[in-house]
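Have a look at final.csv below; it lists CSV, C-alpha atoms and all ligand atoms.
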chain,number,residue,atom,x,y,z
A,134,MET,CA,-236.1,-58.0,66.5
A,135,SER,CA,-236.2,-61.2,64.5
A,136,ASP,CA,-234.8,-61.0,61.0
A,137,SER,CA,-237.1,-63.7,59.8
A,138,ASP,CA,-240.0,-61.4,59.5
A,139,THR,CA,-238.2,-58.9,57.3
A,140,ARG,CA,-236.2,-61.1,55.0
A,141,ASP,CA,-237.8,-63.5,52.6
A,142,SER,CA,-235.9,-63.5,49.4
A,143,ASN,CA,-233.3,-66.1,49.9
A,144,THR,CA,-233.7,-67.5,53.3
A,145,GLY,CA,-236.5,-69.9,52.8
A,146,ASP,CA,-239.1,-70.7,55.4
A,147,SER,CA,-237.3,-73.3,57.4
A,148,LYS,CA,-238.4,-72.0,60.8
A,149,ASN,CA,-237.5,-75.3,62.5
A,150,GLY,CA,-233.9,-75.3,61.3
A,151,GLY,CA,-232.4,-78.4,59.8
A,152,SER,CA,-235.1,-78.6,57.1
A,153,GLU,CA,-233.5,-79.4,53.8
A,154,LYS,CA,-235.9,-77.4,51.6
A,155,ASN,CA,-235.3,-73.8,50.6
A,156,ILE,CA,-232.3,-73.3,52.6
A,157,ARG,CA,-228.9,-72.1,51.8
A,158,GLY,CA,-225.4,-72.6,53.1
A,159,TYR,CA,-223.1,-69.9,54.3
A,160,GLY,CA,-219.6,-68.9,53.4
A,161,GLY,CA,-217.2,-70.6,51.1
A,162,GLY,CA,-215.8,-74.2,51.3
A,163,ASP,CA,-217.6,-77.4,51.5
A,164,VAL,CA,-220.7,-77.4,53.6
A,165,ASP,CA,-221.8,-80.9,54.5
A,166,ALA,CA,-224.7,-80.0,56.8
A,167,VAL,CA,-226.6,-77.0,55.4
A,168,ILE,CA,-228.5,-75.1,58.0
A,169,SER,CA,-231.0,-72.3,57.7
A,170,VAL,CA,-230.3,-68.6,58.3
A,171,GLU,CA,-232.6,-68.6,61.3
A,172,GLU,CA,-230.7,-71.5,62.8
A,173,VAL,CA,-227.3,-69.8,62.1
A,174,THR,CA,-228.7,-66.7,63.8
A,175,ARG,CA,-229.9,-68.6,66.8
A,176,GLN,CA,-226.6,-70.5,67.2
A,177,ALA,CA,-224.5,-67.4,66.6
A,178,ALA,CA,-226.5,-65.6,69.3
A,179,ALA,CA,-225.8,-68.5,71.7
A,180,ILE,CA,-222.0,-68.1,71.2
A,181,ALA,CA,-222.0,-64.3,71.6
A,182,GLU,CA,-219.3,-63.1,74.0
A,183,ASP,CA,-219.2,-60.1,76.3
A,184,ILE,CA,-217.2,-57.5,74.4
A,185,SER,CA,-215.7,-54.5,76.1
A,186,ILE,CA,-214.7,-51.3,74.4
A,187,ASP,CA,-211.2,-51.9,75.7
A,188,GLN,CA,-211.0,-55.1,73.7
A,189,LEU,CA,-212.2,-53.3,70.5
A,190,ASP,CA,-209.6,-50.5,71.2
A,191,ALA,CA,-206.9,-53.1,71.6
A,192,LEU,CA,-207.7,-54.7,68.3
A,193,ALA,CA,-207.3,-51.3,66.7
A,194,GLY,CA,-203.9,-50.9,68.2
A,195,ASN,CA,-205.4,-48.4,70.7
A,196,GLU,CA,-205.3,-45.8,68.0
A,197,ALA,CA,-208.7,-46.0,66.4
A,198,PHE,CA,-209.2,-44.0,63.2
A,199,VAL,CA,-212.8,-44.9,62.6
A,200,SER,CA,-214.9,-45.2,65.8
A,201,ILE,CA,-218.5,-46.1,66.0
A,202,ASN,CA,-219.8,-45.5,69.5
A,203,ASN,CA,-223.0,-47.1,70.9
A,204,LEU,CA,-224.8,-46.7,67.6
A,205,HIS,CA,-228.6,-47.3,67.3
A,206,ALA,CA,-229.6,-47.0,63.7
A,207,GLY,CA,-232.0,-48.3,61.1
A,208,TYR,CA,-234.5,-47.5,58.4
A,209,GLY,CA,-237.5,-45.3,59.0
A,210,GLN,CA,-238.5,-45.9,62.6
A,211,MET,CA,-237.2,-49.4,62.6
A,212,GLU,CA,-234.0,-49.9,64.7
A,213,ILE,CA,-231.7,-52.5,63.1
A,214,LEU,CA,-228.4,-51.8,64.9
A,215,HIS,CA,-228.6,-52.0,68.7
A,216,ASP,CA,-225.7,-50.4,70.5
A,217,VAL,CA,-223.0,-51.2,67.9
A,218,SER,CA,-219.5,-50.1,68.6
A,219,LEU,CA,-216.6,-50.5,66.3
A,220,ARG,CA,-212.9,-49.5,66.2
A,221,VAL,CA,-210.5,-49.7,63.3
A,222,GLY,CA,-207.0,-48.1,63.1
A,223,LYS,CA,-205.6,-46.2,60.2
A,224,ARG,CA,-204.3,-48.5,57.5
A,225,GLN,CA,-206.1,-51.4,59.2
A,226,SER,CA,-208.9,-53.6,57.7
A,227,LEU,CA,-211.9,-54.9,59.4
A,228,CYS,CA,-214.3,-57.5,58.1
A,229,LEU,CA,-217.9,-57.9,59.3
A,230,ILE,CA,-219.4,-61.4,59.0
A,231,GLY,CA,-222.7,-62.8,60.2
A,232,PRO,CA,-226.0,-64.3,59.0
A,233,ASN,CA,-228.2,-62.8,56.3
A,234,GLY,CA,-230.1,-59.9,57.8
A,235,ALA,CA,-227.8,-59.4,60.7
A,236,GLY,CA,-227.3,-55.7,59.8
A,237,LYS,CA,-223.8,-55.9,58.2
A,238,SER,CA,-224.7,-53.7,55.2
A,239,THR,CA,-226.6,-51.4,57.6
A,240,VAL,CA,-223.4,-50.7,59.5
A,241,LEU,CA,-221.8,-49.5,56.2
A,242,HIS,CA,-224.9,-47.5,55.4
A,243,ALA,CA,-224.8,-45.9,58.8
A,244,ILE,CA,-221.1,-44.9,58.4
A,245,PHE,CA,-221.8,-43.4,54.9
A,246,GLY,CA,-225.0,-41.7,55.9
A,247,PHE,CA,-227.6,-43.7,54.1
A,248,ASN,CA,-229.9,-44.4,57.0
A,249,ASN,CA,-231.3,-43.0,60.2
A,250,ILE,CA,-229.1,-42.7,63.3
A,251,PHE,CA,-231.2,-42.7,66.4
A,252,SER,CA,-228.3,-42.3,68.9
A,253,GLY,CA,-224.6,-42.8,69.2
A,254,SER,CA,-221.8,-41.3,67.1
A,255,ILE,CA,-219.3,-42.0,64.4
A,256,THR,CA,-215.9,-40.3,64.4
A,257,ILE,CA,-213.1,-40.3,61.8
A,258,GLY,CA,-209.7,-39.2,62.8
A,259,GLY,CA,-211.3,-37.7,65.9
A,260,ALA,CA,-213.9,-35.6,64.0
A,261,ASP,CA,-217.6,-36.3,64.5
A,262,VAL,CA,-219.1,-37.2,61.1
A,263,THR,CA,-222.3,-38.7,62.4
A,264,LYS,CA,-224.6,-36.1,60.8
A,265,LEU,CA,-222.8,-35.5,57.5
A,266,SER,CA,-224.6,-36.4,54.3
A,267,PRO,CA,-223.1,-39.0,51.9
A,268,ASN,CA,-221.7,-36.3,49.7
A,269,GLU,CA,-220.1,-34.6,52.6
A,270,LYS,CA,-218.7,-37.9,53.8
A,271,LEU,CA,-217.1,-38.4,50.4
A,272,ALA,CA,-215.9,-34.9,49.7
A,273,GLN,CA,-215.0,-33.7,53.3
A,274,ALA,CA,-214.5,-36.8,55.5
A,275,GLY,CA,-212.7,-38.9,52.9
A,276,ILE,CA,-215.0,-41.9,53.1
A,277,ALA,CA,-216.0,-43.8,50.0
A,278,TYR,CA,-218.7,-46.5,49.7
A,279,ILE,CA,-218.1,-49.0,47.0
A,280,LEU,CA,-221.5,-49.9,45.8
A,281,GLN,CA,-222.1,-53.0,43.7
A,282,ASP,CA,-223.2,-52.4,40.2
A,283,LYS,CA,-225.4,-49.5,41.0
A,284,SER,CA,-222.5,-47.0,40.9
A,285,ILE,CA,-221.6,-47.8,37.3
A,286,PHE,CA,-223.3,-46.1,34.4
A,287,PRO,CA,-223.6,-49.0,31.8
A,288,GLY,CA,-224.1,-46.7,28.9
A,289,MET,CA,-221.0,-44.6,29.6
A,290,THR,CA,-217.4,-45.6,28.8
A,291,VAL,CA,-215.0,-46.8,31.4
A,292,GLU,CA,-213.2,-43.4,31.4
A,293,GLU,CA,-216.4,-41.4,31.6
A,294,ASN,CA,-217.4,-43.6,34.6
A,295,LEU,CA,-214.1,-42.7,36.3
A,296,TRP,CA,-214.6,-39.0,35.6
A,297,MET,CA,-218.1,-39.3,37.2
A,298,GLY,CA,-216.5,-40.7,40.3
A,299,GLY,CA,-215.0,-37.2,40.7
A,300,PHE,CA,-218.3,-35.4,40.4
A,301,LEU,CA,-217.7,-33.7,43.8
A,302,LYS,CA,-214.4,-32.3,42.8
A,303,GLU,CA,-214.4,-28.5,42.2
A,304,GLN,CA,-212.4,-28.8,39.0
A,305,PRO,CA,-213.3,-31.5,36.5
A,306,ALA,CA,-209.6,-31.5,35.5
A,307,GLU,CA,-208.8,-32.9,38.9
A,308,ALA,CA,-211.1,-35.9,38.3
A,309,LYS,CA,-209.5,-36.4,34.9
A,310,ALA,CA,-206.0,-36.3,36.4
A,311,GLU,CA,-207.0,-38.9,39.1
A,312,ALA,CA,-208.5,-41.1,36.4
A,313,GLU,CA,-205.1,-41.1,34.6
A,314,ARG,CA,-203.4,-42.1,37.8
A,315,ILE,CA,-205.8,-45.0,38.1
A,316,PHE,CA,-205.3,-46.0,34.5
A,317,ASP,CA,-201.6,-46.1,35.1
A,318,LYS,CA,-202.1,-48.3,38.0
A,319,TYR,CA,-204.6,-50.7,36.4
A,320,PRO,CA,-203.6,-51.4,32.8
A,321,ARG,CA,-206.5,-53.8,32.5
A,322,LEU,CA,-208.8,-50.9,32.9
A,323,ALA,CA,-206.8,-48.6,30.7
A,324,ALA,CA,-207.0,-51.1,27.9
A,325,ARG,CA,-210.8,-50.8,28.1
A,326,ARG,CA,-211.1,-47.1,28.7
A,327,LYS,CA,-213.1,-46.4,25.6
A,328,HIS,CA,-215.4,-49.4,26.0
A,329,LEU,CA,-218.9,-49.0,27.4
A,330,ALA,CA,-219.1,-50.2,31.0
A,331,LYS,CA,-221.9,-52.6,30.1
A,332,VAL,CA,-219.6,-54.8,28.0
A,333,LEU,CA,-217.1,-55.4,30.9
A,334,SER,CA,-216.8,-58.8,32.5
A,335,GLY,CA,-217.9,-59.2,36.1
A,336,GLY,CA,-214.3,-58.9,37.4
A,337,GLU,CA,-213.5,-55.8,35.2
A,338,ARG,CA,-216.8,-54.3,36.4
A,339,ARG,CA,-215.8,-54.8,40.0
A,340,LEU,CA,-212.4,-53.2,39.3
A,341,LEU,CA,-214.2,-50.2,37.8
A,342,GLU,CA,-216.5,-50.0,40.8
A,343,ILE,CA,-213.5,-49.9,43.1
A,344,SER,CA,-211.6,-47.5,40.9
A,345,ARG,CA,-214.5,-45.2,40.6
A,346,ALA,CA,-214.5,-44.8,44.4
A,347,LEU,CA,-210.8,-44.0,44.3
A,348,VAL,CA,-211.1,-40.9,42.1
A,349,MET,CA,-212.0,-38.9,45.2
A,350,ASN,CA,-208.9,-40.3,46.9
A,351,PRO,CA,-210.7,-41.4,50.0
A,352,GLU,CA,-209.0,-42.5,53.2
A,353,VAL,CA,-211.6,-44.9,54.3
A,354,LEU,CA,-213.1,-47.5,52.0
A,355,LEU,CA,-216.4,-49.2,52.8
A,356,VAL,CA,-216.8,-52.3,50.7
A,357,ASP,CA,-219.9,-54.5,50.7
A,358,GLU,CA,-219.3,-58.0,49.6
A,359,PRO,CA,-216.4,-57.6,47.1
A,360,SER,CA,-216.4,-61.2,46.1
A,361,ILE,CA,-220.1,-61.6,45.4
A,362,GLY,CA,-220.9,-63.1,42.0
A,363,LEU,CA,-217.3,-63.4,40.9
A,364,GLU,CA,-215.5,-66.5,39.9
A,365,PRO,CA,-212.4,-67.5,42.0
A,366,ARG,CA,-209.7,-65.9,40.0
A,367,PHE,CA,-211.5,-62.6,40.0
A,368,ILE,CA,-212.1,-62.9,43.7
A,369,ASP,CA,-208.4,-63.3,44.2
A,370,MET,CA,-207.8,-60.2,42.0
A,371,VAL,CA,-210.2,-58.1,44.0
A,372,PHE,CA,-208.6,-59.1,47.3
A,373,GLU,CA,-205.2,-58.4,45.8
A,374,ILE,CA,-206.3,-54.9,44.8
A,375,LEU,CA,-207.8,-54.3,48.3
A,376,HIS,CA,-204.6,-55.6,49.9
A,377,ASP,CA,-202.6,-53.1,47.8
A,378,LEU,CA,-204.9,-50.2,48.7
A,379,GLN,CA,-204.5,-51.0,52.4
A,380,HIS,CA,-200.8,-51.8,52.6
A,381,ASN,CA,-199.3,-49.6,49.8
A,382,GLU,CA,-201.8,-46.7,49.7
A,383,GLY,CA,-202.6,-46.6,53.4
A,384,LYS,CA,-206.3,-46.9,53.0
A,385,THR,CA,-208.5,-48.0,56.0
A,386,ILE,CA,-210.9,-50.7,54.9
A,387,ILE,CA,-214.2,-51.8,56.5
A,388,MET,CA,-215.8,-54.6,54.5
A,389,VAL,CA,-218.7,-57.0,54.7
A,390,GLU,CA,-218.0,-60.4,53.2
A,391,GLN,CA,-220.2,-63.5,52.8
A,392,ASN,CA,-217.1,-65.5,52.0
A,393,ALA,CA,-216.1,-65.4,55.6
A,394,LYS,CA,-212.9,-67.3,55.1
A,395,LYS,CA,-211.6,-64.9,52.4
A,396,GLY,CA,-212.7,-61.9,54.4
A,397,LEU,CA,-211.1,-63.0,57.7
A,398,GLU,CA,-207.9,-64.1,55.9
A,399,PHE,CA,-207.7,-60.7,54.5
A,400,ALA,CA,-208.7,-58.5,57.4
A,401,ASP,CA,-206.7,-57.5,60.5
A,402,ILE,CA,-209.9,-57.5,62.6
A,403,GLY,CA,-213.1,-59.5,62.3
A,404,TYR,CA,-216.5,-58.9,64.0
A,405,VAL,CA,-219.4,-61.3,63.9
A,406,LEU,CA,-222.6,-59.4,63.8
A,407,VAL,CA,-225.8,-61.1,64.9
A,408,SER,CA,-229.2,-59.5,65.0
A,409,GLY,CA,-227.8,-56.0,65.0
A,410,GLU,CA,-225.2,-56.6,67.7
A,411,VAL,CA,-221.6,-57.4,67.7
A,412,ALA,CA,-221.4,-61.0,69.0
A,413,ILE,CA,-217.7,-61.8,68.7
A,414,ALA,CA,-214.7,-59.6,68.0
A,415,GLY,CA,-211.1,-60.7,67.4
A,416,SER,CA,-208.3,-60.5,65.0
A,417,GLY,CA,-209.1,-62.1,61.6
A,418,ASN,CA,-206.8,-65.0,62.6
A,419,GLU,CA,-208.5,-65.5,66.0
A,420,LEU,CA,-211.9,-65.7,64.3
A,421,LEU,CA,-210.6,-68.1,61.7
A,422,ALA,CA,-209.3,-70.3,64.5
A,423,ASN,CA,-212.5,-70.0,66.6
A,424,PRO,CA,-214.2,-73.4,66.3
A,425,LYS,CA,-217.7,-71.9,66.8
A,426,VAL,CA,-217.1,-69.4,64.0
A,427,GLY,CA,-215.7,-72.2,61.9
A,428,GLU,CA,-218.8,-74.3,62.4
A,429,LEU,CA,-221.2,-71.6,61.6
A,430,PHE,CA,-219.5,-69.4,59.0
A,431,LEU,CA,-216.6,-71.2,57.5
A,432,GLY,CA,-218.3,-74.3,56.2
A,433,GLY,CA,-217.4,-76.6,59.1
B,1,LIG,N1,-233.6,-49.9,52.9
B,1,LIG,C1,-234.2,-50.6,53.9
B,1,LIG,N2,-235.4,-50.3,54.4
B,1,LIG,C2,-235.9,-51.1,55.4
B,1,LIG,N3,-235.3,-52.1,55.9
B,1,LIG,C3,-234.1,-52.5,55.5
B,1,LIG,C4,-233.5,-51.8,54.4
B,1,LIG,N4,-232.3,-52.3,54.2
B,1,LIG,C5,-232.2,-53.4,55.0
B,1,LIG,N5,-233.3,-53.5,55.8
B,1,LIG,C6,-233.5,-54.4,56.9
B,1,LIG,O1,-232.5,-54.3,57.8
B,1,LIG,C7,-232.1,-55.6,58.3
B,1,LIG,C8,-230.6,-55.8,58.1
B,1,LIG,O2,-230.3,-55.8,56.8
B,1,LIG,P1,-228.8,-55.7,56.2
B,1,LIG,O3,-229.0,-55.6,54.7
B,1,LIG,O4,-228.0,-54.8,56.9
B,1,LIG,O5,-228.3,-57.2,56.5
B,1,LIG,P2,-227.0,-57.9,56.1
B,1,LIG,O6,-226.4,-58.4,57.3
B,1,LIG,O7,-226.2,-57.1,55.2
B,1,LIG,O8,-227.6,-59.2,55.3
B,1,LIG,P3,-227.1,-59.9,53.9
B,1,LIG,O9,-226.0,-60.9,54.4
B,1,LIG,O10,-228.3,-60.6,53.5
B,1,LIG,O11,-226.6,-58.9,53.0
B,1,LIG,C9,-232.9,-56.6,57.6
B,1,LIG,O12,-234.0,-57.0,58.4
B,1,LIG,C10,-233.4,-55.8,56.4
B,1,LIG,O13,-234.7,-56.3,56.0
B,2,MG,MG,-225.7,-57.1,53.2
The structure in this file should be written as structure tokens.
Ligand SMILES: Nc1ncnc2c1ncn2[C@@H]1O[C@H](COP(=O)(O)OP(=O)(O)OP(=O)(O)O)[C@@H](O)[C@H]1O
Ligand SMILES: [Mg+2]
Amino acid sequence: MSDSDTRDSNTGDSKNGGSEKNIRGYGGGDVDAVISVEEVTRQAAAIAEDISIDQLDALAGNEAFVSINNLHAGYGQMEILHDVSLRVGKRQSLCLIGPNGAGKSTVLHAIFGFNNIFSGSITIGGADVTKLSPNEKLAQAGIAYILQDKSIFPGMTVEENLWMGGFLKEQPAEAKAEAERIFDKYPRLAARRKHLAKVLSGGERRLLEISRALVMNPEVLLVDEPSIGLEPRFIDMVFEILHDLQHNEGKTIIMVEQNAKKGLEFADIGYVLVSGEVAIAGSGNELLANPKVGELFLGG
């Protein structure tokens, strides 16, 4: 299926590629020649490699913690992901990059249970979680999805927002105790605990979004575009927090990042997703060094 018929907001109408109107560059860095999303998709499809499950397993150290197996998923009757497989080991991080509309967010939605799974399976630590609801994913399977903005209640204080993050806990006191642990860890947030969430800066808000997901003490973090809309120093702060969560708290992280350079520098594993299929898989460093990936996603 072509993305162009379903995406219209920010992709423009440059069907011929190379048009200079209504088109937008991709990734960070300097982009001399801006090409359209359709053209990126076409060129990315052309560099797709044959990927074996053995290769995905090897990238996950042959000890996958999260496995997606031949997943076909989408919205309503529409299939967006076509036979997607993914492997990530415990305490590893994986970054999905790819053109707008490729289905990156849909992969995270599928893991969390936000969309329809037509066939295939998802396992975590060997347990089949394919059919669990989002609440079950969070409370039982230890998966948290870090939503942008929408998870925050602007009219509540920072601490109330954190308590709400523990709404699935049986005892409210447990959520409060977790919130205190989080305040100890992030003084920046603690200093604002009585402030309404709506007055936070963009970076503080992102910190609250991440922290809110941590109240349930998840093992797997699904993070969609952590750097979006943030100025560079806040982007670095967010990646430092994610680094700490992976390396010091042992979280497994699956992220989508438009800033492909940042995402691939951060992640152990990188996948390029194109038109609902995994086109390239490698270590983050391999993808950073891949000239084709560089040309299309890293700003030349
Ligand atoms: N809730 C939805 N209902 C119907 N179709 C959807 C829904 N969300 C996404 N889609 C469609 O699924 C396809 C993949 O979208 P998705 O958001 O996963 O792409 P993406 O790779 O995350 O793109 P972007 O880089 O723009 O965030 C698109 O064609 C999109 O229009
Ligand atoms: Mg997306």
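Take atom MG of ligand MG 2 (chain B) and atom CA of A:Ser226: the distance between them is 17.7 Å.
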Find the residues near ligand MG 2 (chain B). Use a cut-off of 8 Å, count only C-alpha atoms and all ligand atoms, and write them as a short mmCIF file (atom, residue, chain, number, x, y, z; two decimals) with C-alpha atoms, in the frame of the given file.
data_model
loop_
_atom_site.label_atom_id
_atom_site.label_comp_id
_atom_site.auth_asym_id
_atom_site.auth_seq_id
_atom_site.Cartn_x
_atom_site.Cartn_y
_atom_site.Cartn_z
CA ASN A 233 -228.20 -62.80 56.30
CA GLY A 234 -230.10 -59.90 57.80
CA GLY A 236 -227.30 -55.70 59.80
CA LYS A 237 -223.80 -55.90 58.20
CA SER A 238 -224.70 -53.70 55.20
CA THR A 239 -226.60 -51.40 57.60
CA ASP A 357 -219.90 -54.50 50.70
CA GLU A 358 -219.30 -58.00 49.60
CA VAL A 389 -218.70 -57.00 54.70
#
Which residues, written as a ChimeraX atom specification, have at least one atom at most 12 Å from A:Ile386, with only C-alpha atoms counted and residues fewer than 4 positions away on the same chain left out?
/A:198-199,220-229,241,276-279,351-357,359,372,374-380,382,396,399-403
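For A:Phe245, the non-local neighbours within 10 Å, defined as residues at least 2 positions apart in the same chain or in other chains and counting only C-alpha atoms, are Thr239, Val240, Leu241, His242, Ala243, Phe247, Asn248, Ile255, Val262, Thr263, Lys264, Leu265, Ser266, Pro267, Asn268, Glu269, Lys270, Leu271, Ala274, Ile276, Ala277, Tyr278 and Leu355 of chain A.
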Distance cut-off 9 Å, centre (-236.3, -44.7, 61.2) in file coordinates, counting only C-alpha atoms: which residues qualify? Return them as JSON, numbers by chain.
{"A": [206, 207, 208, 209, 210, 211, 212, 248, 249, 250, 251]}
Counting only C-alpha atoms, which residues sit no farther than 10 Å from the position (-218.7, -53.7, 32.0) in the file's frame? I'd like them as a JSON list (two decimals) with C-alpha atoms, keeping the file's coordinate frame.
[["chain", "number", "residue", "atom", "x", "y", "z"],
["A", 282, "ASP", "CA", -223.20, -52.40, 40.20],
["A", 285, "ILE", "CA", -221.60, -47.80, 37.30],
["A", 286, "PHE", "CA", -223.30, -46.10, 34.40],
["A", 287, "PRO", "CA", -223.60, -49.00, 31.80],
["A", 288, "GLY", "CA", -224.10, -46.70, 28.90],
["A", 289, "MET", "CA", -221.00, -44.60, 29.60],
["A", 290, "THR", "CA", -217.40, -45.60, 28.80],
["A", 291, "VAL", "CA", -215.00, -46.80, 31.40],
["A", 325, "ARG", "CA", -210.80, -50.80, 28.10],
["A", 328, "HIS", "CA", -215.40, -49.40, 26.00],
["A", 329, "LEU", "CA", -218.90, -49.00, 27.40],
["A", 330, "ALA", "CA", -219.10, -50.20, 31.00],
["A", 331, "LYS", "CA", -221.90, -52.60, 30.10],
["A", 332, "VAL", "CA", -219.60, -54.80, 28.00],
["A", 333, "LEU", "CA", -217.10, -55.40, 30.90],
["A", 334, "SER", "CA", -216.80, -58.80, 32.50],
["A", 335, "GLY", "CA", -217.90, -59.20, 36.10],
["A", 336, "GLY", "CA", -214.30, -58.90, 37.40],
["A", 337, "GLU", "CA", -213.50, -55.80, 35.20],
["A", 338, "ARG", "CA", -216.80, -54.30, 36.40],
["A", 339, "ARG", "CA", -215.80, -54.80, 40.00],
["A", 340, "LEU", "CA", -212.40, -53.20, 39.30],
["A", 341, "LEU", "CA", -214.20, -50.20, 37.80],
["A", 342, "GLU", "CA", -216.50, -50.00, 40.80]]
Shortest contact to A:Ala412, candidates A:Ala178, A:Val170, A:Val371, A:Ile213, atoms counted only C-alpha atoms, goes to A:Ala178
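Among the candidate residues A:Ala272, A:Gly231, A:Leu301, A:Glu182, the one lying nearest to ligand LIG 1 (chain B) is A:Gly231, with distances computed using only C-alpha atoms and all ligand atoms.
Picture a line from atom CA of A:Asn392 to atom CA of A:Val167; it runs 15.3 Å.
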When distances are computed from only C-alpha atoms, which of A:Ser254, A:Ser416, A:Leu431, A:Thr174 shows the smallest separation from A:His205?
A:Ser254
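In this model, the gap between atom C3 of ligand LIG 1 (chain B) and atom CA of A:Gly246 comes to 14.1 Å.
Between A:Glu410 and the candidates A:Ala308, A:Val217, A:Phe430, A:Ala191, the tightest atom-to-atom separation, counting all atoms listed in the file, involves A:Val217.
Counting all atoms listed in the file, the residue from A:Glu428, A:Glu196, A:Glu171, A:Glu313 that sits nearest to ligand LIG 1 (chain B) is A:Glu171.
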Residues within 9 Å of A:Leu421, all atoms listed in the file, excluding chain neighbours under 4 positions, as a count of residues only:
10
Using all atoms listed in the file, can you tell me which of A:Leu420, A:Ile361, A:Ala306, A:Ala235 comes closest to ligand LIG 1 (chain B)?
A:Ala235
Could stretch 249-263 of chain A be completed with N, CA and C atoms and returned as a PDB file, in the frame of the given file?
ATOM      1  N   ASN A 249    -231.013 -43.879  59.076  1.00  0.00           N
ATOM      2  CA  ASN A 249    -231.300 -43.000  60.200  1.00  0.00           C
ATOM      3  C   ASN A 249    -230.462 -43.436  61.433  1.00  0.00           C
ATOM      4  N   ILE A 250    -229.850 -42.458  62.034  1.00  0.00           N
ATOM      5  CA  ILE A 250    -229.100 -42.700  63.300  1.00  0.00           C
ATOM      6  C   ILE A 250    -229.938 -42.177  64.412  1.00  0.00           C
ATOM      7  N   PHE A 251    -230.342 -43.060  65.321  1.00  0.00           N
ATOM      8  CA  PHE A 251    -231.200 -42.700  66.400  1.00  0.00           C
ATOM      9  C   PHE A 251    -230.354 -42.125  67.599  1.00  0.00           C
ATOM     10  N   SER A 252    -229.245 -42.805  67.864  1.00  0.00           N
ATOM     11  CA  SER A 252    -228.300 -42.300  68.900  1.00  0.00           C
ATOM     12  C   SER A 252    -226.963 -42.933  68.665  1.00  0.00           C
ATOM     13  N   GLY A 253    -225.979 -42.383  69.350  1.00  0.00           N
ATOM     14  CA  GLY A 253    -224.600 -42.800  69.200  1.00  0.00           C
ATOM     15  C   GLY A 253    -223.880 -41.937  68.197  1.00  0.00           C
ATOM     16  N   SER A 254    -222.599 -42.222  67.970  1.00  0.00           N
ATOM     17  CA  SER A 254    -221.800 -41.300  67.100  1.00  0.00           C
ATOM     18  C   SER A 254    -220.794 -42.114  66.297  1.00  0.00           C
ATOM     19  N   ILE A 255    -220.338 -41.436  65.246  1.00  0.00           N
ATOM     20  CA  ILE A 255    -219.300 -42.000  64.400  1.00  0.00           C
ATOM     21  C   ILE A 255    -218.222 -40.913  64.246  1.00  0.00           C
ATOM     22  N   THR A 256    -216.984 -41.275  64.543  1.00  0.00           N
ATOM     23  CA  THR A 256    -215.900 -40.300  64.400  1.00  0.00           C
ATOM     24  C   THR A 256    -214.842 -40.879  63.439  1.00  0.00           C
ATOM     25  N   ILE A 257    -214.229 -39.961  62.707  1.00  0.00           N
ATOM     26  CA  ILE A 257    -213.100 -40.300  61.800  1.00  0.00           C
ATOM     27  C   ILE A 257    -211.971 -39.402  62.112  1.00  0.00           C
ATOM     28  N   GLY A 258    -210.851 -39.984  62.477  1.00  0.00           N
ATOM     29  CA  GLY A 258    -209.700 -39.200  62.800  1.00  0.00           C
ATOM     30  C   GLY A 258    -210.076 -38.135  63.911  1.00  0.00           C
ATOM     31  N   GLY A 259    -210.944 -38.523  64.812  1.00  0.00           N
ATOM     32  CA  GLY A 259    -211.300 -37.700  65.900  1.00  0.00           C
ATOM     33  C   GLY A 259    -212.464 -36.691  65.607  1.00  0.00           C
ATOM     34  N   ALA A 260    -212.799 -36.517  64.324  1.00  0.00           N
ATOM     35  CA  ALA A 260    -213.900 -35.600  64.000  1.00  0.00           C
ATOM     36  C   ALA A 260    -215.212 -36.294  63.938  1.00  0.00           C
ATOM     37  N   ASP A 261    -216.214 -35.663  64.479  1.00  0.00           N
ATOM     38  CA  ASP A 261    -217.600 -36.300  64.500  1.00  0.00           C
ATOM     39  C   ASP A 261    -218.196 -36.123  63.128  1.00  0.00           C
ATOM     40  N   VAL A 262    -218.473 -37.248  62.481  1.00  0.00           N
ATOM     41  CA  VAL A 262    -219.100 -37.200  61.100  1.00  0.00           C
ATOM     42  C   VAL A 262    -220.479 -37.766  61.124  1.00  0.00           C
ATOM     43  N   THR A 263    -221.031 -37.988  62.299  1.00  0.00           N
ATOM     44  CA  THR A 263    -222.300 -38.700  62.400  1.00  0.00           C
ATOM     45  C   THR A 263    -223.381 -38.082  61.518  1.00  0.00           C
TER      46      THR A 263
END
